[in-house]
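Notes follow once the structure below has been shown.
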Amino acid sequence: WRPSSSCPAILGGSTTDQRYITEGETWQDVLRALTHIPLANAGVDGMTSYGHIVAVSEWLHKIPGLAPRYYLHYIGVNDASLSEDTARFDAPGQDSAWWRKVLRRSVIAKGALGLWLRMAGAREVSHGRITIATDAPDIPMMKVAGDRDAIDHFVKTRYIPNLRKLLDLHKQRNESVIFVKQPANPAIVKWEGGETFLATQFSALKRWALQLAEINVATEAVCKARPNDCRFIDLAGRVKFNRADFYDLAHTTPAGSAKIGRFLAGELAFMGRGPS
């Protein structure tokens, strides 16, 4: 395999990486099979919009032969977990020196993790996140409210500037950007009529659910404000997911990944037609 300008790069967190989905069943695999477009999966667990900036400015453009015309950013879910206090530790530059040290020692870290996994044996996959059995009874949903001023401030002063910086970075290289709005498990979180609803037993997720709602709105607004630089895909709003499509709060099962792959295949068919 050789990277090329016809090989779109896909950036995101664990919902992009999909390390717990069998090869051939990730949404990239489905997308590739349907469109015959080669893809470079640059998903890294935990990547937020700050990580997207680092990947574009300090990583992907240093890979020999990789010069995609298109960059798809599957973005939002991890930023929903950030706050004013935690965001600075994820930002590129002075405050992020710690993660650079971790990355330089990643081989050791991965080796230690592999040894632990072999010793621990098989276990249920949950990513340490909220899970709900697909055959469990339906959980009552409640409308949630929170400190929207704090969420609005975070989105306006942290998240939106990051998206704009991403667009500027790509524009400098004459690259096309695609932002994709991420879904969540509808058995846990729903957004209807501008309101956020949460399964009653997961009240601790109130801020996350509210913040992701605002983030998704911001992603669409930023992208549509710059139509010459960005294409927006409303995956979360246009695809009907059910609880069997997720194995936890935000990570899809093979069935959910297949839905994403099929939907994106239709949305991204233009990439296989050459220069537009």
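Letters for chains follow the order of the structure tokens (A, B, ...), residue numbers begin at 1 for each chain, and ligand numbers begin at 1 in the order shown.
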
Excluding region 194-202 of chain A and its own-chain neighbours fewer than 2 positions away, which residues fall within 7 Å of it when counting only C-alpha atoms? Please give them as a PDB file with C-alpha atoms, in the first residue's frame.
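File produced: result_23.pdb:
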```
ATOM      1  CA  ILE A 139     -34.676   3.021  30.258  1.00  0.00           C
ATOM      2  CA  PRO A 140     -36.901   6.045  30.911  1.00  0.00           C
ATOM      3  CA  MET A 141     -35.537   9.281  29.461  1.00  0.00           C
ATOM      4  CA  MET A 142     -35.522  12.674  31.153  1.00  0.00           C
ATOM      5  CA  LYS A 143     -35.085  16.150  29.708  1.00  0.00           C
ATOM      6  CA  VAL A 144     -31.893  17.648  31.080  1.00  0.00           C
ATOM      7  CA  ALA A 187     -30.771   4.362  24.364  1.00  0.00           C
ATOM      8  CA  ILE A 188     -28.694   6.761  26.489  1.00  0.00           C
ATOM      9  CA  VAL A 189     -28.829  10.183  24.802  1.00  0.00           C
ATOM     10  CA  LYS A 190     -31.342  11.749  22.414  1.00  0.00           C
ATOM     11  CA  TRP A 191     -31.698  15.210  20.931  1.00  0.00           C
ATOM     12  CA  GLU A 192     -35.169  16.243  19.812  1.00  0.00           C
ATOM     13  CA  ALA A 204     -23.672  11.872  35.446  1.00  0.00           C
ATOM     14  CA  LEU A 205     -23.594  12.342  31.666  1.00  0.00           C
ATOM     15  CA  ALA A 209     -24.895  15.285  26.511  1.00  0.00           C
ATOM     16  CA  LEU A 210     -25.613  19.021  26.618  1.00  0.00           C
TER      17      LEU A 210
END
```

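The neighbours of region 254-270 of chain A here are the residues that come within 7 Å of it, using only C-alpha atoms and leaving out any residue fewer than 2 positions away in the same chain; they are Ile21, Glu25, Thr26, Trp27, Gln28, Val30, Leu31, Leu34, Thr35, Asp245, Phe246, Thr252, Gly272 and Arg273 of chain A.
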
Produce a file of the selected residues containing C-alpha atoms, as a PDB file, in the first residue's frame.
```
ATOM      1  CA  ILE A  21     -13.996  -3.872  15.611  1.00  0.00           C
ATOM      2  CA  GLU A  25     -16.119  -4.526   9.618  1.00  0.00           C
ATOM      3  CA  THR A  26     -15.078  -0.975  10.492  1.00  0.00           C
ATOM      4  CA  TRP A  27     -17.000   1.839   8.836  1.00  0.00           C
ATOM      5  CA  GLN A  28     -13.894   2.655   6.805  1.00  0.00           C
ATOM      6  CA  VAL A  30     -17.476  -0.693   4.481  1.00  0.00           C
ATOM      7  CA  LEU A  31     -16.898   2.703   2.883  1.00  0.00           C
ATOM      8  CA  LEU A  34     -18.586   0.344  -1.602  1.00  0.00           C
ATOM      9  CA  THR A  35     -16.639   3.198  -3.205  1.00  0.00           C
ATOM     10  CA  ASP A 245     -25.712  -0.191  16.771  1.00  0.00           C
ATOM     11  CA  PHE A 246     -23.630   0.716  19.843  1.00  0.00           C
ATOM     12  CA  THR A 252     -20.508   1.398  17.282  1.00  0.00           C
ATOM     13  CA  GLY A 272     -13.789   8.968  -6.561  1.00  0.00           C
ATOM     14  CA  ARG A 273     -14.613  11.154  -9.546  1.00  0.00           C
TER      15      ARG A 273
END
```

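Closest to Val180 (chain A) among A:Ser81, A:Ser57, A:Asn162, A:Thr16 is A:Thr16, based on only C-alpha atoms.
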
Problem set entry | DSSP-assigned helix (DSSP H, G or I) members of region 162-203 of chain A, reported as a ChimeraX atom specification | /A:162-172,200-203

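Of the listed residues A:Thr157, A:Ser203, A:Gln182, A:Thr219, the one whose atoms come nearest to Gly13 (chain A) is A:Gln182, with distances taken using only C-alpha atoms.
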
Exercise. Excluding same-chain residues fewer than 6 positions from region 45-47 of chain A, what lies within 9 Å of it counting only C-alpha atoms, as number ranges by chain?
Worked result: A: 11-19, 75, 78-79, 90
